[in-house]
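So the structure is just underneath, and the comments pick up after that.
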Amino acid sequence: MLTVLLILIPLVTGLITFGLSGRGAKVFSLISSLATLAVTLAAWAQFRTAPEALRFTAEWIPQLGSQINLGLDGLSLMLVLLTTISFPLIFTTVLSRNYERSGAFYGLMLLSQAGMLGVFLSYDALLFYVFWELALIPVYFLCSMWGGEKAIPVTFKFFVYTFAGSLLMLVGIIYIYFQTEGSFSWQTFTSLHLSNDEQSWLFWLFFVAFAIKMPVFPFHTWQPDTYEQSPTPVTMVLSGVMVKMGLFGVMRWLKPVLPAGADMWQEAAILLSVIGIIYASCIAIMQSDLKKLIAYSSIAHIGLMSAAIFAGNEQSLAGVQVQMFNHGINIIGLWIIIEVIEQRLGTKNMQQLGGIASVAPALSILLVIVSLANIALPLTNGFIGEFLMFSGLFQHNVWFAAVSAIAIILAAVYMLRMLQKVLFGETNALTATTTDLKGGEMLALVCITAMIFVLGVYPKPLLELVSGTGIENTVAALTGR
Amino acid sequence: MFVGLVVKQKQYIKYFAIAGTVLAFIANLLDVQQGYGVMHGMVEVSSFSVLFNAIAIASTALYFLLCGSAFEKVGEDVADYFALIFFILAGIMLTGAYSNLLMLFLAIEIISIPQYILAGADKKNLKSNEASLKYFLMGSFTTGILLMGIALIYGATGTFDLREMGLGTGELSPLALCGIILLGFSLAFKVSAAPFHFWTPDVYDGSPTVFTAFMATIVKAASFIAFMRLFHVSFSGGNISHHWQLILAIITAATLIIGNLTAVFQQSVKRMLAYSSIAQAGFMLFAIVAHNEMSSQGLILYAAAYSVATIGIFAILLKMNDYTFDGFNGLARRQPLVAVVCAIFLFSLAGIPLTAGFFAKYFVLSAAVQQGDLLWLVILGVLCAAISAYYYFRVIIAMYFKPGEADAQGVTPGFKAMLVVAAAIVIVLGIFPNLLLQFL
């Protein structure tokens with residue numbers, strides 16, 4: 001029942017939140033997100049002792065053989081943890097902000113959480129598709145209604161891109177469904193023996209959907225603009241959690257269901273990812289807008305994860321899973337600080353900033369820590385995942401590993417340049433008035449920093465999830481053994 | 001039908017009409033004894049026909065409830081309009097149950113002739129007159145083609161009975177092939193499939209909006225049911241399907257492309273809905289091109305999903321002062337409930353999950369995938385569905401994200417309640433499509 005509760009709590013509370021307003025909506029959604037986190041922790045505890053008790057199956061559409069088939073393994077637990085940790089952090093950060101029509105704002109946020117949790121928990125392809133879309137619709141409204149000046153056309157591009165990709169995936173799902181004896185279940189899909197020809201073209205139907213979501217070059221064009229134009233809490237959801245849906249899709253559905261197709265197009269997928277890494281890193285260096293800089297850096301990080309998934313050995317896959325969690329936490333930390341700067345100073349243009357370190361020391365220290373974690377400095381949480389991914393990629397192909405490793409240097413360049421421009425130097429008329437972190441912002445960032453150090457020094461809990469019960473099956477399925 | 005003879009108070013006629021649909025609904029449900037023929041076997045009652053009739057009657061009742069009061073704005077002869085709608089409904093009842101080509105002809109004509117009159121009901125409006133004349137002329141030509149097709153089929157097989165034609169077995173005579181093609185073209189005209197769609201935007205746009213709502217929904221669904229019945233019962237089996245499948249696949253592709261691309265460029269929501277009805281026809285054609293069990297399930301679901309959502313949109317459109325996209329600007333602030341419901345209908349038309357439209361599209365696409373060699377058409381279809389999101393979402397963008405003073409006139413609590421019921425149907429069928437399909 002815990003898995004059902006994970007989806008039901010945000011879904012039901014999200015609908016209720018529409019009827020609330022002002023402070024009520026804020027506090028109610030925070031309580032809801034904490035309740036979901038508590039259920040996740042309970043599920044984690046149960047996962048360690050009796051993982052099979054977390055499975056839930058019920059009839060949904062008997063004519064089609066589609067079931068409400070939910071379950072948790074190490075991979076999904078990692079992402080469920082990330083999702084349920086992110087939302088209280090986001091809600092705490094914006095506790096002092098007042099959004100117009102706050103009932104709708106927080107309601108939509110919770111509905112998107114329900115959609116994402118559904119994606120991570122579904123073991124039925126049709127149910128997975130439904131949740132995949134359910135996560136998208138609230139985010140579309142959030143970006144368009146509370147976003148920047150150009151939010152409407154930008155978000156619309158994002159929507160149409162993602163919708164088109166999803167529909168192609170739906171065709172793939174339908175095709176595979178007809179090769180079964182009328183079942184959408186993950187177990188049936190993965191035990192099918194599709195011919196190489198079929199897998200070869202089915203691969204692209206799925207890959208395009210996931211590549212758009214991640215996003216991988218050249219399907220990334222919606223991303224920087226959307227991140228820039230969205231209200232920051234939504235950008236946190238998009239970059240912290242939602243992009244992981246694409247990576248998760250590849251790991252849960254694409255590779256296990258179409259192993260031969262993935263093998264066939266493995267090099268092409270890695271090549272696209274590596275191009276994306278270098279291309280996005282170079283563009284990030286040129287950016288003067290903080291949000292765009294982080295958006296491009298995110299394309300580079302996700303590109304590395306995508307390359308590591310397709311490299312497909314045990315180390316790279318373990319690295320991806322750990323990094324999915326850590327990247328989510330770190331990037332939310334970065335967005336929180338950018339949100340604070342933008343709220344205080346009304347700008348996110350680095351050319352107009354400078355000297356913040358002297359007036360807001362706490363903010364500056366935390367920004368440095370999160371930035372260093374983002375470039376994977378040892379003893380921060382980013383290190384272990386990136387190390388595993390590079391070492392896995394190296395085993396697969398030295399050249400791919402070598403080229404993508406340039407991204408480490410480029411990341412250091414743009415992140416340190418950002419720190420220098422924002423924090424150091426002389427204060428100007430604008431930045432001299434900056435105030436330091438307050439209440440909720442401080443709390444959220446301290447939690448994130450604590451996770452950065454704890455998981456950097458002691459990554460065992462995450463690695464246990466990767467190598468512990470349940471995940472072995474996933475890794476076995478992914479590596480085709 | 002004849003209530004206008006005795007009831008002189010116009011506002012009460014609507015309630016008699018609704019009572020009529022309720023009676024018809026009950027009578028239809030009493031027809032559960034299946035598989036029997038009436039009128040010397042020319043009409044055959046089956047679970048499929050009973051289910052489709054139930055959907056058509058329920059949709060008509062919903063249409064009366066949501067749009068009935070708008071009849072009075074069209075002209076004086078309110079009772080006549082209701083009577084004509086009932087005439088059309090009688091024709092629709094035949095489309096799911098006919099088993100004889102003559103009955104098909106009768107059904108099509110019973111549906112068409114009242115529509116020519118309804119299209120021109122706004123007598124003082126030139127556009128309405130033009131719509132009526134255009135519809136009548138085009139419709140008459142098509143009737144000629146339909147009759148010619150029936151005559152050729154009769155010449156080739158010696159029977160009008162759908163099941164006795166035996167076209168699926170043995171060699172196909174050129175005469176029969178010509179007949180099939182002529183019948184296919186005439187029915188493609190009725191469902192406004194490209195390239196026989198040119199009448200649709202003008203007729204839909206020129207007709208009084210309240211009647212467009214009926215023409216574009218229940219009537220269109222019925223034409224599809226007639227289309228499917230003819231092609232799946234008489235013209236399938238053996239290798240005969242290959243003869244028409246390619247032609248229909250090309251018609252489907254053209255319908256999808258033309259309908260969707262032209263809808264993108266419309267400035268009026270009413271014209272956009274006219275083109276979108278062509279685009280939706282493209283999706284329903286999937287069910288005809290693919291002939292298997294899923295296609296009939298898909299078409300039933302499509303008929304219900306599309307009718308309810310489109311009637312809902314038209315009901316809202318009827319209340320608007322301005323039919324352009326800008327006319328919807330800011331509706332979410334003025335009428336939040338109407339905007340939410342409108343968004344749900346548009347989601348359904350676009351095929352977003354958790355709405356009935358998703359499963360409708362799902363079933364027809366699945367039917368085509370199951371058919372095997374139509375994958376190119378399915379991929380074209382989903383790309384067109386992505387395009388369709390563009391024009392449906394334009395309305396949502398206008399309602400929610402654009403500043404404006406859109407005002408829906410005369411939105412009574414009763415009207416809102418009916419909209420909520422319609423939206424609930426869309427969502428319930430979007431989560432549990434088997435509620436409907438279990439009756440098949």
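By order of appearance in the structure tokens: chains A, B, ..., then residues from 1 within every chain, and ligands from 1 in the order shown.
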
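Residues lying within 9 Å of B:Asn53, counting only C-alpha atoms and ignoring same-chain neighbours fewer than 6 positions away, are Phe25, Asn28, Ile92, Met93, Leu94 and Gly96 of chain B.
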
Which neighbours of stretch 42-56 of chain A fall inside 7 Å, counting only C-alpha atoms, when residues of the same chain fewer than 2 positions from it are skipped, and could you give them as a PyMOL selection string? chain A and resi 1-3+38-40+58+69-72

Can you spit out the residues from that selection as a tab-separated table (two decimals), in the first residue's frame, using all heavy atoms?
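File written: part.tsv
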```tsv
chain	number	residue	atom	x	y	z
A	1	MET	N	0.82	-1.22	0.00
A	1	MET	CA	0.00	0.00	0.00
A	1	MET	C	0.85	1.26	0.00
A	1	MET	O	0.42	2.32	-0.42
A	1	MET	CB	-0.90	0.01	1.24
A	1	MET	CG	-2.28	-0.58	1.03
A	1	MET	SD	-3.01	-0.23	-0.57
A	1	MET	CE	-3.81	1.34	-0.23
A	2	LEU	N	2.12	1.13	0.50
A	2	LEU	CA	2.96	2.33	0.59
A	2	LEU	C	3.18	2.95	-0.79
A	2	LEU	O	3.17	4.17	-0.95
A	2	LEU	CB	4.31	1.98	1.23
A	2	LEU	CG	4.29	1.70	2.74
A	2	LEU	CD1	5.64	1.26	3.22
A	2	LEU	CD2	3.84	2.95	3.49
A	3	THR	N	3.35	2.11	-1.80
A	3	THR	CA	3.59	2.62	-3.15
A	3	THR	C	2.37	3.39	-3.66
A	3	THR	O	2.51	4.41	-4.33
A	3	THR	CB	3.91	1.47	-4.11
A	3	THR	OG1	3.13	0.35	-3.74
A	3	THR	CG2	5.35	1.12	-4.10
A	38	ALA	N	7.82	11.14	4.37
A	38	ALA	CA	7.75	10.16	5.46
A	38	ALA	C	7.38	8.78	4.92
A	38	ALA	O	7.98	7.77	5.31
A	38	ALA	CB	6.73	10.62	6.50
A	39	VAL	N	6.41	8.75	3.98
A	39	VAL	CA	6.03	7.46	3.40
A	39	VAL	C	7.21	6.86	2.64
A	39	VAL	O	7.45	5.64	2.69
A	39	VAL	CB	4.81	7.64	2.47
A	39	VAL	CG1	4.47	6.33	1.76
A	39	VAL	CG2	3.61	8.12	3.25
A	40	THR	N	7.97	7.72	1.95
A	40	THR	CA	9.14	7.22	1.22
A	40	THR	C	10.14	6.57	2.18
A	40	THR	O	10.69	5.50	1.89
A	40	THR	CB	9.85	8.36	0.47
A	40	THR	OG1	8.89	9.07	-0.27
A	40	THR	CG2	10.92	7.84	-0.46
A	58	ALA	N	-3.42	-4.22	-9.36
A	58	ALA	CA	-4.88	-4.22	-9.39
A	58	ALA	C	-5.34	-4.11	-10.84
A	58	ALA	O	-4.58	-3.63	-11.69
A	58	ALA	CB	-5.42	-3.06	-8.57
A	69	ASN	N	0.05	-1.53	-11.90
A	69	ASN	CA	1.12	-2.40	-11.46
A	69	ASN	C	2.27	-1.52	-10.96
A	69	ASN	O	2.98	-0.90	-11.73
A	69	ASN	CB	1.54	-3.23	-12.68
A	69	ASN	CG	2.47	-4.36	-12.33
A	69	ASN	OD1	3.04	-4.37	-11.23
A	69	ASN	ND2	2.66	-5.28	-13.24
A	70	LEU	N	2.38	-1.45	-9.62
A	70	LEU	CA	3.38	-0.55	-9.05
A	70	LEU	C	4.41	-1.36	-8.26
A	70	LEU	O	4.10	-2.43	-7.75
A	70	LEU	CB	2.72	0.46	-8.10
A	70	LEU	CG	1.59	1.31	-8.69
A	70	LEU	CD1	0.89	2.08	-7.57
A	70	LEU	CD2	2.11	2.28	-9.72
A	71	GLY	N	5.60	-0.82	-8.17
A	71	GLY	CA	6.63	-1.51	-7.40
A	71	GLY	C	7.85	-0.64	-7.24
A	71	GLY	O	7.95	0.42	-7.85
A	72	LEU	N	8.73	-1.08	-6.39
A	72	LEU	CA	9.95	-0.31	-6.13
A	72	LEU	C	11.15	-1.23	-6.22
A	72	LEU	O	11.14	-2.33	-5.66
A	72	LEU	CB	9.90	0.24	-4.70
A	72	LEU	CG	9.35	1.64	-4.44
A	72	LEU	CD1	9.31	1.87	-2.96
A	72	LEU	CD2	10.18	2.69	-5.10
```

Rows by chain and residue number, chain B within 8 Å of chain A, shortest pair, only C-alpha atoms, as CSV:
```
residue,atom,partner,partner_atom,distance
B:Ile352,CA,A:Glu133,CA,7.3
B:Pro353,CA,A:Val130,CA,5.4
B:Leu354,CA,A:Val130,CA,7.1
B:Leu365,CA,A:Val171,CA,7.9
B:Ser366,CA,A:Ile174,CA,6.1
B:Val369,CA,A:Tyr175,CA,6.2
B:Gln370,CA,A:Phe178,CA,6.5
B:Val378,CA,A:Val171,CA,7.4
B:Ile379,CA,A:Leu168,CA,7.0
B:Val382,CA,A:Leu167,CA,5.8
B:Leu383,CA,A:Ala164,CA,6.3
B:Ala385,CA,A:Ala164,CA,7.9
B:Ala386,CA,A:Ala164,CA,5.1
B:Ile387,CA,A:Val160,CA,7.7
B:Ala389,CA,A:Val160,CA,7.1
B:Tyr390,CA,A:Val160,CA,7.4
B:Ile397,CA,A:Ile152,CA,7.6
B:Tyr400,CA,A:Met145,CA,7.3
B:Phe401,CA,A:Met145,CA,5.9
B:Phe432,CA,A:Ile61,CA,6.7
B:Pro433,CA,A:Ile61,CA,7.3
B:Asn434,CA,A:Ile61,CA,6.2
```

Please, could you write that set of residues out with C-alpha atoms as a PDB file, in the first residue's frame?
```pdb
ATOM      1  CA  ILE B 352      -4.052  13.861 -23.549  1.00  0.00           C
ATOM      2  CA  PRO B 353      -4.142  10.889 -21.105  1.00  0.00           C
ATOM      3  CA  LEU B 354      -6.820  10.670 -18.422  1.00  0.00           C
ATOM      4  CA  LEU B 365      -4.136   3.760 -33.519  1.00  0.00           C
ATOM      5  CA  SER B 366      -3.820   0.332 -31.917  1.00  0.00           C
ATOM      6  CA  VAL B 369      -0.807  -1.034 -35.584  1.00  0.00           C
ATOM      7  CA  GLN B 370      -2.426  -4.438 -35.191  1.00  0.00           C
ATOM      8  CA  VAL B 378       0.238   5.586 -37.484  1.00  0.00           C
ATOM      9  CA  ILE B 379       3.452   7.585 -37.194  1.00  0.00           C
ATOM     10  CA  VAL B 382       0.795  10.805 -34.023  1.00  0.00           C
ATOM     11  CA  LEU B 383       2.804  13.614 -35.577  1.00  0.00           C
ATOM     12  CA  ALA B 385      -1.791  14.722 -33.102  1.00  0.00           C
ATOM     13  CA  ALA B 386       1.192  16.739 -31.908  1.00  0.00           C
ATOM     14  CA  ILE B 387       0.302  19.457 -34.425  1.00  0.00           C
ATOM     15  CA  ALA B 389      -2.049  20.291 -29.734  1.00  0.00           C
ATOM     16  CA  TYR B 390      -1.012  23.613 -31.262  1.00  0.00           C
ATOM     17  CA  ILE B 397      -3.435  29.903 -23.829  1.00  0.00           C
ATOM     18  CA  TYR B 400      -5.462  31.243 -19.074  1.00  0.00           C
ATOM     19  CA  PHE B 401      -2.415  33.251 -20.040  1.00  0.00           C
ATOM     20  CA  PHE B 432     -12.060   3.592 -17.185  1.00  0.00           C
ATOM     21  CA  PRO B 433     -12.822   3.154 -20.901  1.00  0.00           C
ATOM     22  CA  ASN B 434     -14.089  -0.347 -20.141  1.00  0.00           C
TER      23      ASN B 434
END
```

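Within the 9 Å cut-off around B:Val219, using only C-alpha atoms and omitting residues fewer than 3 positions from it on the same chain, the listed residues are Ala56, Ile88, Leu89, Ile92, Ile111, Val191, Phe214, Met215, Ala216, Ala222, Ser223 and Phe224 of chain B.
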
Could you save the residues just selected, with C-alpha atoms, as a PDB file, in the first residue's frame?
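Okay, this is what ended up in again25.pdb:
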```pdb
ATOM      1  CA  ALA B  56     -26.061   8.866 -29.939  1.00  0.00           C
ATOM      2  CA  ILE B  88     -31.848  13.117 -38.033  1.00  0.00           C
ATOM      3  CA  LEU B  89     -31.688  10.999 -34.889  1.00  0.00           C
ATOM      4  CA  ILE B  92     -28.732   7.842 -37.048  1.00  0.00           C
ATOM      5  CA  ILE B 111     -29.786  12.342 -41.868  1.00  0.00           C
ATOM      6  CA  VAL B 191     -17.512  12.233 -43.131  1.00  0.00           C
ATOM      7  CA  PHE B 214     -24.891  18.726 -33.921  1.00  0.00           C
ATOM      8  CA  MET B 215     -23.611  18.246 -37.475  1.00  0.00           C
ATOM      9  CA  ALA B 216     -19.992  18.119 -36.394  1.00  0.00           C
ATOM     10  CA  ALA B 222     -23.029   8.163 -37.269  1.00  0.00           C
ATOM     11  CA  SER B 223     -21.655   8.579 -40.778  1.00  0.00           C
ATOM     12  CA  PHE B 224     -18.506   6.837 -39.616  1.00  0.00           C
TER      13      PHE B 224
END
```

Pick out the residues sitting within 7 Å of stretch 16-24 of chain B, and hand them over as a PyMOL selection string; count only C-alpha atoms, and ignore anything fewer than 4 positions along from it in its own chain. chain B and resi 12+28+57+61+64+82

Generate a file of the selected residues that holds all heavy atoms, formatted as a short mmCIF file (atom, residue, chain, number, x, y, z; two decimals), in the first residue's frame.
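Here's the written file part_4.cif:
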```
data_model
loop_
_atom_site.label_atom_id
_atom_site.label_comp_id
_atom_site.auth_asym_id
_atom_site.auth_seq_id
_atom_site.Cartn_x
_atom_site.Cartn_y
_atom_site.Cartn_z
N TYR B 12 -40.64 25.63 -23.22
CA TYR B 12 -40.99 24.29 -22.71
C TYR B 12 -40.66 23.19 -23.71
O TYR B 12 -40.55 22.02 -23.37
CB TYR B 12 -42.47 24.22 -22.33
CG TYR B 12 -42.81 25.14 -21.17
CD1 TYR B 12 -43.89 25.99 -21.23
CD2 TYR B 12 -42.02 25.14 -20.02
CE1 TYR B 12 -44.19 26.85 -20.18
CE2 TYR B 12 -42.31 25.99 -18.97
CZ TYR B 12 -43.39 26.84 -19.05
OH TYR B 12 -43.66 27.68 -18.01
N ASN B 28 -34.38 2.01 -26.44
CA ASN B 28 -33.20 1.40 -27.05
C ASN B 28 -32.61 0.33 -26.14
O ASN B 28 -32.24 -0.75 -26.58
CB ASN B 28 -32.18 2.50 -27.32
CG ASN B 28 -30.88 1.96 -27.87
OD1 ASN B 28 -30.87 1.27 -28.88
ND2 ASN B 28 -29.78 2.23 -27.19
N ILE B 57 -28.08 8.77 -28.57
CA ILE B 57 -29.23 9.38 -27.89
C ILE B 57 -28.76 10.17 -26.67
O ILE B 57 -29.21 11.30 -26.44
CB ILE B 57 -30.26 8.30 -27.47
CG1 ILE B 57 -30.81 7.58 -28.70
CG2 ILE B 57 -31.41 8.93 -26.70
CD1 ILE B 57 -31.57 6.31 -28.38
N ALA B 61 -29.22 14.09 -25.94
CA ALA B 61 -29.82 14.64 -24.72
C ALA B 61 -28.88 15.70 -24.12
O ALA B 61 -29.32 16.79 -23.73
CB ALA B 61 -30.06 13.52 -23.70
N PHE B 64 -29.15 18.78 -26.21
CA PHE B 64 -30.36 19.57 -25.90
C PHE B 64 -30.17 20.34 -24.60
O PHE B 64 -30.55 21.50 -24.48
CB PHE B 64 -31.58 18.66 -25.78
CG PHE B 64 -32.10 18.17 -27.11
CD1 PHE B 64 -32.88 17.02 -27.19
CD2 PHE B 64 -31.83 18.85 -28.29
CE1 PHE B 64 -33.36 16.56 -28.41
CE2 PHE B 64 -32.30 18.40 -29.51
CZ PHE B 64 -33.07 17.25 -29.56
N PHE B 82 -36.33 21.29 -33.36
CA PHE B 82 -36.25 20.07 -32.55
C PHE B 82 -36.74 18.87 -33.35
O PHE B 82 -36.16 17.78 -33.31
CB PHE B 82 -37.05 20.21 -31.26
CG PHE B 82 -36.31 20.95 -30.18
CD1 PHE B 82 -36.65 22.25 -29.83
CD2 PHE B 82 -35.28 20.33 -29.49
CE1 PHE B 82 -35.96 22.92 -28.83
CE2 PHE B 82 -34.58 21.00 -28.49
CZ PHE B 82 -34.92 22.30 -28.16
#
```

How many Å lie between atom CA of B:Trp199 and atom CA of B:Ile108, rounded to one decimal? 17.0 Å

For stretch 197-201 of chain A: contacts at 8 Å, only C-alpha atoms, fewer than 5 positions along chain excluded, given as a PyMOL selection string: chain A and resi 258-262+264-265

Write the selection just made, keeping N, CA, C and O atoms, as a PDB file, in the first residue's frame?
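File produced: again.pdb:
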```
ATOM      1  N   LEU A 258      14.443  -3.414 -25.173  1.00  0.00           N
ATOM      2  CA  LEU A 258      15.045  -3.488 -26.508  1.00  0.00           C
ATOM      3  C   LEU A 258      16.566  -3.611 -26.392  1.00  0.00           C
ATOM      4  O   LEU A 258      17.301  -2.729 -26.857  1.00  0.00           O
ATOM      5  N   PRO A 259      17.066  -4.694 -25.793  1.00  0.00           N
ATOM      6  CA  PRO A 259      18.521  -4.781 -25.585  1.00  0.00           C
ATOM      7  C   PRO A 259      19.293  -4.779 -26.901  1.00  0.00           C
ATOM      8  O   PRO A 259      20.318  -4.106 -27.013  1.00  0.00           O
ATOM      9  N   ALA A 260      18.779  -5.496 -27.891  1.00  0.00           N
ATOM     10  CA  ALA A 260      19.519  -5.569 -29.160  1.00  0.00           C
ATOM     11  C   ALA A 260      19.505  -4.215 -29.860  1.00  0.00           C
ATOM     12  O   ALA A 260      20.505  -3.779 -30.434  1.00  0.00           O
ATOM     13  N   GLY A 261      18.357  -3.532 -29.805  1.00  0.00           N
ATOM     14  CA  GLY A 261      18.260  -2.201 -30.413  1.00  0.00           C
ATOM     15  C   GLY A 261      19.228  -1.242 -29.738  1.00  0.00           C
ATOM     16  O   GLY A 261      19.921  -0.460 -30.391  1.00  0.00           O
ATOM     17  N   ALA A 262      19.309  -1.335 -28.407  1.00  0.00           N
ATOM     18  CA  ALA A 262      20.214  -0.453 -27.674  1.00  0.00           C
ATOM     19  C   ALA A 262      21.664  -0.752 -28.024  1.00  0.00           C
ATOM     20  O   ALA A 262      22.479   0.155 -28.181  1.00  0.00           O
ATOM     21  N   MET A 264      22.687  -1.977 -30.853  1.00  0.00           N
ATOM     22  CA  MET A 264      22.895  -1.565 -32.236  1.00  0.00           C
ATOM     23  C   MET A 264      23.196  -0.062 -32.337  1.00  0.00           C
ATOM     24  O   MET A 264      24.037   0.361 -33.098  1.00  0.00           O
ATOM     25  N   TRP A 265      22.454   0.718 -31.559  1.00  0.00           N
ATOM     26  CA  TRP A 265      22.576   2.164 -31.690  1.00  0.00           C
ATOM     27  C   TRP A 265      23.365   2.801 -30.541  1.00  0.00           C
ATOM     28  O   TRP A 265      23.357   4.011 -30.361  1.00  0.00           O
TER      29      TRP A 265
END
```

Just want the 8 Å neighbourhood of A:Leu192, counted on only C-alpha atoms, with same-chain residues fewer than 4 positions away dropped. Output as a PyMOL selection string. chain A and resi 179-180+188+257

How would the residues just chosen look if you wrote them out with C-alpha atoms as an mmCIF file, in the first residue's frame?
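What follows is the written file again-v8.cif:
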```cif
data_model
loop_
_atom_site.group_PDB
_atom_site.id
_atom_site.type_symbol
_atom_site.label_atom_id
_atom_site.label_comp_id
_atom_site.auth_asym_id
_atom_site.auth_seq_id
_atom_site.Cartn_x
_atom_site.Cartn_y
_atom_site.Cartn_z
ATOM 1 C CA GLN A 179 3.758 -8.881 -29.782
ATOM 2 C CA THR A 180 2.698 -10.007 -26.295
ATOM 3 C CA THR A 188 6.183 -9.409 -20.157
ATOM 4 C CA VAL A 257 12.898 -4.132 -23.438
#
```
